file upload_20.cif (mmCIF, C-alpha atoms and all ligand atoms)
data_coords
#
loop_
_atom_site.group_PDB
_atom_site.id
_atom_site.type_symbol
_atom_site.label_atom_id
_atom_site.label_comp_id
_atom_site.auth_asym_id
_atom_site.auth_seq_id
_atom_site.Cartn_x
_atom_site.Cartn_y
_atom_site.Cartn_z
ATOM 1 C CA MET A 1 28.697 -105.799 -85.111
ATOM 2 C CA GLU A 2 26.930 -104.080 -82.260
ATOM 3 C CA VAL A 3 24.537 -106.155 -80.217
ATOM 4 C CA LEU A 4 21.531 -105.215 -78.107
ATOM 5 C CA LEU A 5 20.666 -108.107 -75.802
ATOM 6 C CA ALA A 6 17.254 -108.251 -74.118
ATOM 7 C CA LYS A 7 17.471 -108.316 -70.311
ATOM 8 C CA THR A 8 14.477 -110.636 -70.205
ATOM 9 C CA ALA A 9 15.925 -113.103 -72.754
ATOM 10 C CA GLY A 10 15.753 -116.738 -71.684
ATOM 11 C CA PHE A 11 14.748 -118.260 -68.352
ATOM 12 C CA CYS A 12 12.239 -116.455 -66.169
ATOM 13 C CA PHE A 13 12.930 -116.187 -62.445
ATOM 14 C CA GLY A 14 11.004 -119.370 -61.551
ATOM 15 C CA VAL A 15 12.580 -121.578 -64.216
ATOM 16 C CA LYS A 16 16.089 -120.301 -63.465
ATOM 17 C CA ARG A 17 15.542 -121.046 -59.791
ATOM 18 C CA ALA A 18 14.348 -124.588 -60.578
ATOM 19 C CA VAL A 19 17.240 -125.382 -62.940
ATOM 20 C CA ASP A 20 19.774 -123.956 -60.450
ATOM 21 C CA THR A 21 18.190 -126.090 -57.722
ATOM 22 C CA VAL A 22 18.877 -129.291 -59.686
ATOM 23 C CA TYR A 23 22.538 -128.391 -60.300
ATOM 24 C CA GLU A 24 22.899 -127.481 -56.635
ATOM 25 C CA GLN A 25 21.522 -130.876 -55.617
ATOM 26 C CA ILE A 26 23.933 -132.608 -58.011
ATOM 27 C CA ARG A 27 26.825 -130.773 -56.344
ATOM 28 C CA LYS A 28 25.665 -131.887 -52.901
ATOM 29 C CA GLN A 29 25.853 -135.549 -53.988
ATOM 30 C CA GLU A 30 23.264 -136.790 -51.504
ATOM 31 C CA GLY A 31 22.153 -139.884 -53.390
ATOM 32 C CA LYS A 32 19.914 -140.442 -56.387
ATOM 33 C CA ILE A 33 18.105 -137.392 -57.823
ATOM 34 C CA TYR A 34 14.748 -137.415 -59.603
ATOM 35 C CA THR A 35 12.768 -134.549 -61.103
ATOM 36 C CA PHE A 36 9.010 -134.856 -61.257
ATOM 37 C CA GLY A 37 8.584 -134.150 -64.973
ATOM 38 C CA PRO A 38 11.384 -132.618 -67.079
ATOM 39 C CA ILE A 39 12.701 -129.583 -65.167
ATOM 40 C CA ILE A 40 12.461 -127.488 -68.338
ATOM 41 C CA HIS A 41 11.374 -127.994 -71.958
ATOM 42 C CA ASN A 42 14.875 -127.946 -73.324
ATOM 43 C CA GLU A 43 16.429 -131.161 -74.575
ATOM 44 C CA GLN A 44 20.044 -130.104 -74.086
ATOM 45 C CA VAL A 45 19.481 -129.220 -70.434
ATOM 46 C CA VAL A 46 17.493 -132.389 -69.707
ATOM 47 C CA GLN A 47 20.158 -134.492 -71.449
ATOM 48 C CA ASP A 48 22.965 -132.803 -69.538
ATOM 49 C CA LEU A 49 21.135 -133.538 -66.291
ATOM 50 C CA GLU A 50 20.593 -137.159 -67.323
ATOM 51 C CA GLU A 51 24.320 -137.513 -67.964
ATOM 52 C CA LYS A 52 24.893 -136.225 -64.445
ATOM 53 C CA GLY A 53 22.631 -138.953 -63.090
ATOM 54 C CA VAL A 54 19.280 -137.149 -62.801
ATOM 55 C CA THR A 55 16.238 -139.240 -63.734
ATOM 56 C CA VAL A 56 12.919 -137.816 -64.879
ATOM 57 C CA ILE A 57 9.847 -139.324 -63.202
ATOM 58 C CA SER A 58 6.709 -138.831 -65.245
ATOM 59 C CA SER A 59 3.856 -140.134 -63.102
ATOM 60 C CA ALA A 60 2.590 -140.688 -59.583
ATOM 61 C CA GLU A 61 2.686 -144.450 -60.286
ATOM 62 C CA GLU A 62 6.390 -144.255 -61.060
ATOM 63 C CA LEU A 63 6.931 -142.275 -57.871
ATOM 64 C CA GLU A 64 5.229 -145.055 -55.923
ATOM 65 C CA THR A 65 7.962 -147.479 -57.007
ATOM 66 C CA LEU A 66 10.840 -145.449 -55.532
ATOM 67 C CA THR A 67 12.384 -146.391 -52.230
ATOM 68 C CA ALA A 68 15.135 -143.782 -51.752
ATOM 69 C CA GLY A 69 16.473 -140.533 -53.144
ATOM 70 C CA THR A 70 15.584 -136.871 -53.666
ATOM 71 C CA VAL A 71 12.589 -135.747 -55.718
ATOM 72 C CA ILE A 72 12.746 -132.213 -57.096
ATOM 73 C CA ILE A 73 9.456 -130.503 -57.883
ATOM 74 C CA ARG A 74 9.764 -128.234 -60.932
ATOM 75 C CA SER A 75 8.570 -124.616 -61.233
ATOM 76 C CA HIS A 76 5.083 -125.602 -62.541
ATOM 77 C CA GLY A 77 4.262 -127.182 -59.176
ATOM 78 C CA VAL A 78 2.336 -130.411 -58.505
ATOM 79 C CA PRO A 79 -0.921 -131.501 -56.831
ATOM 80 C CA LYS A 80 -0.839 -131.923 -53.061
ATOM 81 C CA ARG A 81 -1.052 -135.717 -53.345
ATOM 82 C CA ILE A 82 2.401 -135.842 -54.966
ATOM 83 C CA TYR A 83 3.947 -134.386 -51.776
ATOM 84 C CA GLU A 84 1.992 -136.998 -49.817
ATOM 85 C CA ILE A 85 3.401 -139.843 -51.920
ATOM 86 C CA ILE A 86 6.953 -138.465 -51.547
ATOM 87 C CA GLU A 87 6.519 -138.345 -47.773
ATOM 88 C CA ARG A 88 4.886 -141.773 -47.533
ATOM 89 C CA ARG A 89 7.662 -143.359 -49.582
ATOM 90 C CA GLY A 90 10.261 -141.801 -47.255
ATOM 91 C CA LEU A 91 11.839 -139.778 -50.086
ATOM 92 C CA ARG A 92 13.466 -136.374 -49.690
ATOM 93 C CA CYS A 93 11.538 -133.524 -51.291
ATOM 94 C CA VAL A 94 13.190 -130.424 -52.730
ATOM 95 C CA ASP A 95 10.477 -128.026 -53.771
ATOM 96 C CA ALA A 96 11.374 -125.726 -56.688
ATOM 97 C CA THR A 97 7.764 -124.696 -57.342
ATOM 98 C CA CYS A 98 7.829 -121.059 -58.471
ATOM 99 C CA PRO A 99 6.662 -118.863 -55.548
ATOM 100 C CA PHE A 100 4.071 -117.270 -57.877
ATOM 101 C CA VAL A 101 2.561 -120.712 -58.501
ATOM 102 C CA LYS A 102 2.824 -121.648 -54.813
ATOM 103 C CA ARG A 103 0.758 -118.548 -54.022
ATOM 104 C CA ILE A 104 -2.054 -119.917 -56.231
ATOM 105 C CA HIS A 105 -1.878 -123.275 -54.427
ATOM 106 C CA ARG A 106 -2.317 -121.495 -51.096
ATOM 107 C CA ILE A 107 -5.249 -119.392 -52.326
ATOM 108 C CA VAL A 108 -7.027 -122.409 -53.797
ATOM 109 C CA GLU A 109 -6.427 -124.521 -50.701
ATOM 110 C CA GLN A 110 -7.625 -121.823 -48.281
ATOM 111 C CA GLU A 111 -10.621 -120.627 -50.287
ATOM 112 C CA SER A 112 -11.897 -124.127 -51.017
ATOM 113 C CA ALA A 113 -11.439 -125.010 -47.323
ATOM 114 C CA VAL A 114 -13.956 -122.312 -46.360
ATOM 115 C CA GLY A 115 -16.459 -123.682 -48.857
ATOM 116 C CA LYS A 116 -15.776 -121.605 -51.951
ATOM 117 C CA GLN A 117 -15.950 -123.206 -55.384
ATOM 118 C CA ILE A 118 -12.806 -122.835 -57.484
ATOM 119 C CA LEU A 119 -12.658 -121.676 -61.077
ATOM 120 C CA ILE A 120 -9.277 -121.707 -62.809
ATOM 121 C CA ILE A 121 -8.848 -119.787 -66.038
ATOM 122 C CA GLY A 122 -6.209 -121.618 -68.032
ATOM 123 C CA ASN A 123 -5.380 -124.685 -70.070
ATOM 124 C CA ALA A 124 -6.798 -127.829 -68.432
ATOM 125 C CA GLY A 125 -4.076 -130.093 -69.826
ATOM 126 C CA HIS A 126 -1.180 -127.956 -68.614
ATOM 127 C CA PRO A 127 0.821 -129.399 -65.688
ATOM 128 C CA GLU A 128 0.618 -126.095 -63.802
ATOM 129 C CA VAL A 129 -3.191 -126.187 -63.949
ATOM 130 C CA GLU A 130 -3.274 -129.859 -62.968
ATOM 131 C CA GLY A 131 -1.110 -128.925 -59.997
ATOM 132 C CA ILE A 132 -3.407 -126.053 -58.974
ATOM 133 C CA MET A 133 -6.485 -128.300 -59.229
ATOM 134 C CA GLY A 134 -4.800 -130.712 -56.887
ATOM 135 C CA TRP A 135 -4.860 -128.168 -54.011
ATOM 136 C CA SER A 136 -8.606 -127.629 -54.036
ATOM 137 C CA HIS A 137 -10.730 -129.405 -51.418
ATOM 138 C CA THR A 138 -13.631 -129.403 -53.884
ATOM 139 C CA PRO A 139 -13.485 -130.322 -57.610
ATOM 140 C CA ALA A 140 -12.119 -127.220 -59.372
ATOM 141 C CA LYS A 141 -13.370 -126.238 -62.814
ATOM 142 C CA VAL A 142 -11.088 -125.064 -65.602
ATOM 143 C CA VAL A 143 -12.025 -122.915 -68.591
ATOM 144 C CA GLU A 144 -9.976 -121.433 -71.378
ATOM 145 C CA THR A 145 -12.418 -119.976 -73.917
ATOM 146 C CA ARG A 146 -15.419 -117.630 -74.129
ATOM 147 C CA GLU A 147 -17.649 -120.540 -75.170
ATOM 148 C CA GLU A 148 -16.580 -122.654 -72.202
ATOM 149 C CA ILE A 149 -17.189 -119.911 -69.661
ATOM 150 C CA ALA A 150 -20.556 -119.028 -71.204
ATOM 151 C CA ASP A 151 -21.756 -122.606 -70.592
ATOM 152 C CA LEU A 152 -20.367 -122.856 -67.079
ATOM 153 C CA THR A 153 -22.598 -123.313 -64.044
ATOM 154 C CA PHE A 154 -21.905 -123.563 -60.305
ATOM 155 C CA ASP A 155 -23.896 -124.094 -57.118
ATOM 156 C CA ARG A 156 -25.576 -120.705 -56.541
ATOM 157 C CA SER A 157 -25.621 -121.107 -52.765
ATOM 158 C CA LYS A 158 -21.805 -120.846 -52.528
ATOM 159 C CA SER A 159 -19.277 -118.234 -53.699
ATOM 160 C CA VAL A 160 -16.842 -118.806 -56.533
ATOM 161 C CA CYS A 161 -13.140 -117.933 -56.296
ATOM 162 C CA ILE A 162 -11.491 -117.268 -59.665
ATOM 163 C CA VAL A 163 -7.745 -117.621 -60.241
ATOM 164 C CA SER A 164 -5.630 -117.816 -63.365
ATOM 165 C CA GLN A 165 -2.814 -119.913 -64.793
ATOM 166 C CA THR A 166 0.339 -117.760 -64.438
ATOM 167 C CA THR A 167 1.004 -117.542 -68.178
ATOM 168 C CA PHE A 168 -2.550 -116.693 -69.252
ATOM 169 C CA ASN A 169 -3.084 -113.553 -71.339
ATOM 170 C CA TYR A 170 -4.295 -110.719 -69.107
ATOM 171 C CA ASN A 171 -6.812 -109.193 -71.557
ATOM 172 C CA LYS A 172 -8.355 -112.588 -72.211
ATOM 173 C CA PHE A 173 -8.533 -113.274 -68.469
ATOM 174 C CA GLN A 174 -10.394 -110.004 -67.913
ATOM 175 C CA GLU A 175 -12.752 -110.714 -70.776
ATOM 176 C CA LEU A 176 -13.614 -114.172 -69.403
ATOM 177 C CA VAL A 177 -14.116 -112.780 -65.881
ATOM 178 C CA GLU A 178 -16.498 -110.148 -67.269
ATOM 179 C CA ILE A 179 -18.565 -112.794 -69.063
ATOM 180 C CA PHE A 180 -18.740 -114.861 -65.881
ATOM 181 C CA ALA A 181 -19.567 -111.843 -63.674
ATOM 182 C CA GLU A 182 -22.776 -111.322 -65.660
ATOM 183 C CA LYS A 183 -24.101 -114.656 -64.445
ATOM 184 C CA GLY A 184 -24.742 -113.124 -61.025
ATOM 185 C CA TYR A 185 -22.710 -115.470 -58.795
ATOM 186 C CA ASP A 186 -21.004 -114.188 -55.666
ATOM 187 C CA ILE A 187 -17.422 -114.076 -56.940
ATOM 188 C CA SER A 188 -13.942 -113.139 -55.759
ATOM 189 C CA VAL A 189 -11.273 -112.694 -58.411
ATOM 190 C CA VAL A 190 -7.534 -113.011 -57.787
ATOM 191 C CA ASN A 191 -5.316 -112.033 -60.671
ATOM 192 C CA THR A 192 -2.525 -114.602 -60.432
ATOM 193 C CA ILE A 193 -0.969 -113.912 -63.834
ATOM 194 C CA CYS A 194 2.811 -113.599 -63.804
ATOM 195 C CA ASN A 195 4.076 -110.871 -66.094
ATOM 196 C CA ALA A 196 7.437 -112.471 -66.971
ATOM 197 C CA THR A 197 6.096 -113.561 -70.381
ATOM 198 C CA GLU A 198 4.550 -110.206 -71.148
ATOM 199 C CA GLU A 199 7.677 -108.313 -70.097
ATOM 200 C CA ARG A 200 9.796 -110.514 -72.378
ATOM 201 C CA GLN A 201 7.435 -109.863 -75.309
ATOM 202 C CA THR A 202 7.269 -106.099 -74.693
ATOM 203 C CA GLU A 203 11.052 -105.807 -74.480
ATOM 204 C CA ALA A 204 11.502 -107.939 -77.642
ATOM 205 C CA ARG A 205 9.110 -105.659 -79.550
ATOM 206 C CA GLU A 206 10.941 -102.527 -78.345
ATOM 207 C CA ILE A 207 14.364 -103.876 -79.283
ATOM 208 C CA ALA A 208 13.202 -105.209 -82.677
ATOM 209 C CA ALA A 209 11.906 -101.728 -83.497
ATOM 210 C CA LYS A 210 15.353 -100.200 -82.855
ATOM 211 C CA VAL A 211 17.715 -102.651 -84.582
ATOM 212 C CA ASP A 212 18.630 -103.506 -88.183
ATOM 213 C CA ALA A 213 18.330 -107.269 -87.599
ATOM 214 C CA MET A 214 16.789 -109.313 -84.822
ATOM 215 C CA MET A 215 17.643 -112.821 -83.635
ATOM 216 C CA VAL A 216 15.194 -114.893 -81.655
ATOM 217 C CA ILE A 217 16.842 -117.890 -79.996
ATOM 218 C CA GLY A 218 14.904 -120.986 -78.965
ATOM 219 C CA GLY A 219 13.474 -124.329 -80.020
ATOM 220 C CA ARG A 220 11.156 -124.587 -83.028
ATOM 221 C CA HIS A 221 8.623 -126.385 -80.842
ATOM 222 C CA SER A 222 8.655 -123.771 -78.118
ATOM 223 C CA SER A 223 5.408 -121.852 -78.500
ATOM 224 C CA ASN A 224 6.640 -118.838 -76.546
ATOM 225 C CA THR A 225 9.743 -118.581 -78.775
ATOM 226 C CA ARG A 226 7.566 -118.742 -81.890
ATOM 227 C CA LYS A 227 5.401 -115.982 -80.429
ATOM 228 C CA LEU A 228 8.519 -113.833 -79.866
ATOM 229 C CA TYR A 229 9.555 -114.465 -83.471
ATOM 230 C CA GLU A 230 6.111 -113.420 -84.675
ATOM 231 C CA ILE A 231 6.181 -110.199 -82.620
ATOM 232 C CA CYS A 232 9.701 -109.286 -83.762
ATOM 233 C CA SER A 233 8.982 -110.073 -87.447
ATOM 234 C CA GLY A 234 6.077 -107.649 -87.234
ATOM 235 C CA VAL A 235 8.403 -104.725 -86.482
ATOM 236 C CA CYS A 236 11.725 -105.836 -87.985
ATOM 237 C CA ALA A 237 11.855 -107.360 -91.487
ATOM 238 C CA ASN A 238 15.287 -108.949 -90.843
ATOM 239 C CA THR A 239 14.170 -111.244 -88.019
ATOM 240 C CA TYR A 240 15.868 -114.667 -87.744
ATOM 241 C CA PHE A 241 14.905 -117.773 -85.785
ATOM 242 C CA VAL A 242 18.058 -119.223 -84.258
ATOM 243 C CA GLN A 243 17.906 -122.727 -82.781
ATOM 244 C CA ALA A 244 21.631 -123.356 -82.541
ATOM 245 C CA LEU A 245 24.948 -121.805 -83.536
ATOM 246 C CA ASP A 246 24.705 -123.608 -86.914
ATOM 247 C CA ASP A 247 21.817 -121.338 -87.825
ATOM 248 C CA LEU A 248 24.177 -118.377 -87.712
ATOM 249 C CA HIS A 249 25.516 -118.955 -91.232
ATOM 250 C CA LEU A 250 23.381 -116.061 -92.302
ATOM 251 C CA ASP A 251 23.818 -113.554 -95.029
ATOM 252 C CA LEU A 252 22.916 -110.396 -93.234
ATOM 253 C CA PRO A 253 22.265 -107.370 -95.466
ATOM 254 C CA ALA A 254 25.355 -105.144 -95.678
ATOM 255 C CA SER A 255 23.474 -102.251 -94.114
ATOM 256 C CA VAL A 256 23.053 -104.104 -90.812
ATOM 257 C CA ARG A 257 24.985 -102.407 -87.995
ATOM 258 C CA LEU A 258 22.967 -103.164 -84.886
ATOM 259 C CA VAL A 259 21.615 -106.642 -84.055
ATOM 260 C CA GLY A 260 19.031 -107.322 -81.368
ATOM 261 C CA ILE A 261 18.899 -110.626 -79.500
ATOM 262 C CA THR A 262 16.157 -112.184 -77.420
ATOM 263 C CA ALA A 263 15.361 -115.768 -76.431
ATOM 264 C CA GLY A 264 12.432 -117.949 -75.419
ATOM 265 C CA ALA A 265 11.726 -118.901 -71.814
ATOM 266 C CA SER A 266 13.458 -122.286 -72.031
ATOM 267 C CA THR A 267 16.666 -121.129 -73.728
ATOM 268 C CA PRO A 268 19.727 -121.593 -71.495
ATOM 269 C CA ASN A 269 22.011 -118.641 -70.892
ATOM 270 C CA LYS A 270 24.979 -120.509 -72.342
ATOM 271 C CA ILE A 271 23.366 -120.610 -75.823
ATOM 272 C CA ILE A 272 22.379 -116.943 -75.620
ATOM 273 C CA GLU A 273 25.954 -115.992 -74.726
ATOM 274 C CA GLU A 274 27.433 -118.132 -77.523
ATOM 275 C CA VAL A 275 25.141 -116.562 -80.113
ATOM 276 C CA GLN A 276 25.916 -113.110 -78.785
ATOM 277 C CA ARG A 277 29.674 -113.693 -78.935
ATOM 278 C CA ASN A 278 29.430 -115.093 -82.472
ATOM 279 C CA VAL A 279 27.395 -112.208 -83.767
ATOM 280 C CA ARG A 280 29.847 -109.690 -82.310
ATOM 281 C CA ILE A 281 32.927 -111.435 -83.748
ATOM 282 C CA ASN A 282 31.809 -112.995 -87.031
ATOM 283 C CA PHE A 283 29.553 -110.396 -88.574
HETATM 284 FE FE1 LIG A 301 8.251 -118.119 -64.572
HETATM 285 FE FE2 LIG A 301 7.193 -118.354 -62.212
HETATM 286 FE FE3 LIG A 301 6.305 -116.579 -63.847
HETATM 287 S S1 LIG A 301 7.911 -119.995 -63.482
HETATM 288 S S2 LIG A 301 6.592 -117.441 -65.879
HETATM 289 S S3 LIG A 301 8.312 -116.605 -62.950
HETATM 290 S S4 LIG A 301 5.102 -117.879 -62.551
#

call {"tool": "encode", "arguments": {"input": "upload_20.cif", "output": "structure tokens"}}
result
Amino acid sequence: MEVLLAKTAGFCFGVKRAVDTVYEQIRKQEGKIYTFGPIIHNEQVVQDLEEKGVTVISSAEELETLTAGTVIIRSHGVPKRIYEIIERRGLRCVDATCPFVKRIHRIVEQESAVGKQILIIGNAGHPEVEGIMGWSHTPAKVVETREEIADLTFDRSKSVCIVSQTTFNYNKFQELVEIFAEKGYDISVVNTICNATEERQTEAREIAAKVDAMMVIGGRHSSNTRKLYEICSGVCANTYFVQALDDLHLDLPASVRLVGITAGASTPNKIIEEVQRNVRINF
């Protein structure tokens, strides 16, 4: 069987960098290692790290109880106060915040320092957004929907700086900015969307349109993997959701000659390679 593997399948640059950072720290063996939150939403990876002695810290309170060790900040980033706790507790900090997220932290910190009000377009409950909020000198506001932005008010005597969560949809971001612009505030807009997600989706759609069957690898609970599956199913009727190698006991139609493969953002390379090898050999 011939295989067409998406170049953008699996980890984005920021997540790959963060996961590699943890393994690098394990190799260095410089004492106990903690990650602030799971480094990635993939159980196998988190479990493998646990077996290698890495502990996941899930709150600032937990961090306050530590007395020694290395704390790794994941790609989503964290509020400024987390760095302060790490320093105060005398812990070592290894910062794997994605540079695209770090850029937002810097913008928010600088703009709020000169008196601007901060508006973040994104999901208020998402750790990345919580992290961004934690760099503003003034209370930042977060909106995600048309209704929310329509109801939003700020102090008219000061400007508003608008940024976005990195994974927010660009068209929706523009639409929300347009609604807000009509309110007549003095605004500055910084498009801080990262296009890794969009590139992965575009490539998946292109490949699915060319192949006889398409495999989308990732966890059932991963929303970005489900989205990839949805996109691919729209252009290729033989699209399969593959969580693990066991799912490969498929009966592919006899006419299938070329199989496309893509994977969600939290799918490790090892699984992608295994699936690829299996498809080539066993079909
Ligand atoms: Fe990934 Fe960084 Fe973009 S974590 S999705 S490359 S902002």

call {"tool": "closest_atom_pairs", "arguments": {"input": "upload_20.cif", "of": "chain A", "to": "ligand LIG 301 (chain A)", "cutoff": "7 Å", "atoms": "all atoms listed in the file", "output": "CSV"}}
result
residue,atom,partner,partner_atom,distance
A:Cys12,CA,A:LIG301,FE1,4.6
A:Phe13,CA,A:LIG301,S3,4.7
A:Gly14,CA,A:LIG301,S1,3.7
A:Val15,CA,A:LIG301,S1,5.0
A:Ser75,CA,A:LIG301,S1,5.2
A:His76,CA,A:LIG301,S1,6.3
A:Cys98,CA,A:LIG301,FE2,4.7
A:Pro99,CA,A:LIG301,FE2,6.7
A:Phe100,CA,A:LIG301,S4,4.8
A:Val101,CA,A:LIG301,S4,5.6
A:Thr166,CA,A:LIG301,S4,5.1
A:Thr167,CA,A:LIG301,S2,6.0
A:Cys194,CA,A:LIG301,FE3,4.6
A:Asn195,CA,A:LIG301,FE3,6.5
A:Ala196,CA,A:LIG301,S2,5.2
A:Thr197,CA,A:LIG301,S2,6.0

call {"tool": "closest_residue", "arguments": {"input": "upload_20.cif", "among": "A:Ile118, A:Val56, A:Met214, A:Ala237", "to": "Arg257 (chain A)", "atoms": "all atoms listed in the file"}}
result
A:Met214

call {"tool": "atom_distance", "arguments": {"input": "upload_20.cif", "atom1": "CA of Ser188 (chain A)", "atom2": "CA of Val160 (chain A)"}}
result
6.4 Å

call {"tool": "resolve_selection", "arguments": {"input": "upload_20.cif", "expression": "the PyMOL selection byres (((chain A and resi 149) around 10) and not hetatm)", "output": "ChimeraX atom specification"}}
result
/A:119,121,142-148,150-153,176-177,179-180

call {"tool": "closest_residue", "arguments": {"input": "upload_20.cif", "among": "A:Leu245, A:Val3, A:Ile231, A:Val94", "to": "Asp212 (chain A)", "atoms": "only C-alpha atoms"}}
result
A:Val3

call {"tool": "residues_near_point", "arguments": {"input": "upload_20.cif", "point": "(12.7, -136.6, -64.4)", "cutoff": "6 Å", "atoms": "only C-alpha atoms", "output": "ChimeraX atom specification"}}
result
/A:34-38,55-57

call {"tool": "atom_distance", "arguments": {"input": "upload_20.cif", "atom1": "CA of Val129 (chain A)", "atom2": "CA of Gly184 (chain A)"}}
result
25.4 Å

call {"tool": "build_atoms", "arguments": {"input": "upload_20.cif", "residues": "region 150-167 of chain A", "atoms": "N, CA, C and O atoms", "output": "PDB file, in the frame of the given file"}}
result
ATOM      1  N   ALA A 150     -19.139-119.367 -71.012  1.00  0.00           N
ATOM      2  CA  ALA A 150     -20.556-119.028 -71.204  1.00  0.00           C
ATOM      3  C   ALA A 150     -21.450-120.187 -70.761  1.00  0.00           C
ATOM      4  O   ALA A 150     -22.542-119.983 -70.234  1.00  0.00           O
ATOM      5  N   ASP A 151     -20.957-121.415 -70.942  1.00  0.00           N
ATOM      6  CA  ASP A 151     -21.756-122.606 -70.592  1.00  0.00           C
ATOM      7  C   ASP A 151     -21.609-123.033 -69.136  1.00  0.00           C
ATOM      8  O   ASP A 151     -22.254-123.980 -68.702  1.00  0.00           O
ATOM      9  N   LEU A 152     -20.726-122.368 -68.416  1.00  0.00           N
ATOM     10  CA  LEU A 152     -20.367-122.856 -67.079  1.00  0.00           C
ATOM     11  C   LEU A 152     -21.409-122.551 -66.003  1.00  0.00           C
ATOM     12  O   LEU A 152     -21.926-121.439 -65.931  1.00  0.00           O
ATOM     13  N   THR A 153     -21.681-123.550 -65.167  1.00  0.00           N
ATOM     14  CA  THR A 153     -22.598-123.313 -64.044  1.00  0.00           C
ATOM     15  C   THR A 153     -21.982-123.825 -62.741  1.00  0.00           C
ATOM     16  O   THR A 153     -21.178-124.753 -62.753  1.00  0.00           O
ATOM     17  N   PHE A 154     -22.367-123.164 -61.635  1.00  0.00           N
ATOM     18  CA  PHE A 154     -21.905-123.563 -60.305  1.00  0.00           C
ATOM     19  C   PHE A 154     -23.107-123.633 -59.373  1.00  0.00           C
ATOM     20  O   PHE A 154     -24.217-123.235 -59.742  1.00  0.00           O
ATOM     21  N   ASP A 155     -22.872-124.084 -58.162  1.00  0.00           N
ATOM     22  CA  ASP A 155     -23.896-124.094 -57.118  1.00  0.00           C
ATOM     23  C   ASP A 155     -24.106-122.631 -56.678  1.00  0.00           C
ATOM     24  O   ASP A 155     -23.157-121.980 -56.219  1.00  0.00           O
ATOM     25  N   ARG A 156     -25.326-122.122 -56.815  1.00  0.00           N
ATOM     26  CA  ARG A 156     -25.576-120.705 -56.541  1.00  0.00           C
ATOM     27  C   ARG A 156     -25.518-120.356 -55.052  1.00  0.00           C
ATOM     28  O   ARG A 156     -25.416-119.195 -54.679  1.00  0.00           O
ATOM     29  N   SER A 157     -25.606-121.389 -54.199  1.00  0.00           N
ATOM     30  CA  SER A 157     -25.621-121.107 -52.765  1.00  0.00           C
ATOM     31  C   SER A 157     -24.216-120.821 -52.210  1.00  0.00           C
ATOM     32  O   SER A 157     -24.052-120.408 -51.075  1.00  0.00           O
ATOM     33  N   LYS A 158     -23.180-121.076 -53.013  1.00  0.00           N
ATOM     34  CA  LYS A 158     -21.805-120.846 -52.528  1.00  0.00           C
ATOM     35  C   LYS A 158     -21.054-119.876 -53.443  1.00  0.00           C
ATOM     36  O   LYS A 158     -21.371-119.776 -54.625  1.00  0.00           O
ATOM     37  N   SER A 159     -20.056-119.180 -52.874  1.00  0.00           N
ATOM     38  CA  SER A 159     -19.277-118.234 -53.699  1.00  0.00           C
ATOM     39  C   SER A 159     -18.293-118.985 -54.604  1.00  0.00           C
ATOM     40  O   SER A 159     -17.978-120.154 -54.361  1.00  0.00           O
ATOM     41  N   VAL A 160     -17.821-118.244 -55.595  1.00  0.00           N
ATOM     42  CA  VAL A 160     -16.842-118.806 -56.533  1.00  0.00           C
ATOM     43  C   VAL A 160     -15.562-117.966 -56.464  1.00  0.00           C
ATOM     44  O   VAL A 160     -15.618-116.728 -56.559  1.00  0.00           O
ATOM     45  N   CYS A 161     -14.431-118.633 -56.299  1.00  0.00           N
ATOM     46  CA  CYS A 161     -13.140-117.933 -56.296  1.00  0.00           C
ATOM     47  C   CYS A 161     -12.467-118.206 -57.641  1.00  0.00           C
ATOM     48  O   CYS A 161     -12.311-119.356 -58.046  1.00  0.00           O
ATOM     49  N   ILE A 162     -12.104-117.127 -58.331  1.00  0.00           N
ATOM     50  CA  ILE A 162     -11.491-117.268 -59.665  1.00  0.00           C
ATOM     51  C   ILE A 162      -9.998-116.944 -59.610  1.00  0.00           C
ATOM     52  O   ILE A 162      -9.605-115.889 -59.111  1.00  0.00           O
ATOM     53  N   VAL A 163      -9.189-117.867 -60.116  1.00  0.00           N
ATOM     54  CA  VAL A 163      -7.745-117.621 -60.241  1.00  0.00           C
ATOM     55  C   VAL A 163      -7.333-117.902 -61.689  1.00  0.00           C
ATOM     56  O   VAL A 163      -8.138-118.394 -62.479  1.00  0.00           O
ATOM     57  N   SER A 164      -6.081-117.603 -61.993  1.00  0.00           N
ATOM     58  CA  SER A 164      -5.630-117.816 -63.365  1.00  0.00           C
ATOM     59  C   SER A 164      -4.326-118.603 -63.414  1.00  0.00           C
ATOM     60  O   SER A 164      -3.525-118.550 -62.476  1.00  0.00           O
ATOM     61  N   GLN A 165      -4.120-119.296 -64.516  1.00  0.00           N
ATOM     62  CA  GLN A 165      -2.814-119.913 -64.793  1.00  0.00           C
ATOM     63  C   GLN A 165      -1.821-118.748 -64.928  1.00  0.00           C
ATOM     64  O   GLN A 165      -2.185-117.693 -65.478  1.00  0.00           O
ATOM     65  N   THR A 166      -0.586-118.908 -64.462  1.00  0.00           N
ATOM     66  CA  THR A 166       0.339-117.760 -64.438  1.00  0.00           C
ATOM     67  C   THR A 166       0.639-117.181 -65.821  1.00  0.00           C
ATOM     68  O   THR A 166       0.877-115.986 -65.949  1.00  0.00           O
ATOM     69  N   THR A 167       0.616-118.026 -66.847  1.00  0.00           N
ATOM     70  CA  THR A 167       1.004-117.542 -68.178  1.00  0.00           C
ATOM     71  C   THR A 167      -0.192-117.137 -69.041  1.00  0.00           C
ATOM     72  O   THR A 167      -0.039-116.892 -70.232  1.00  0.00           O
TER      73      THR A 167
END
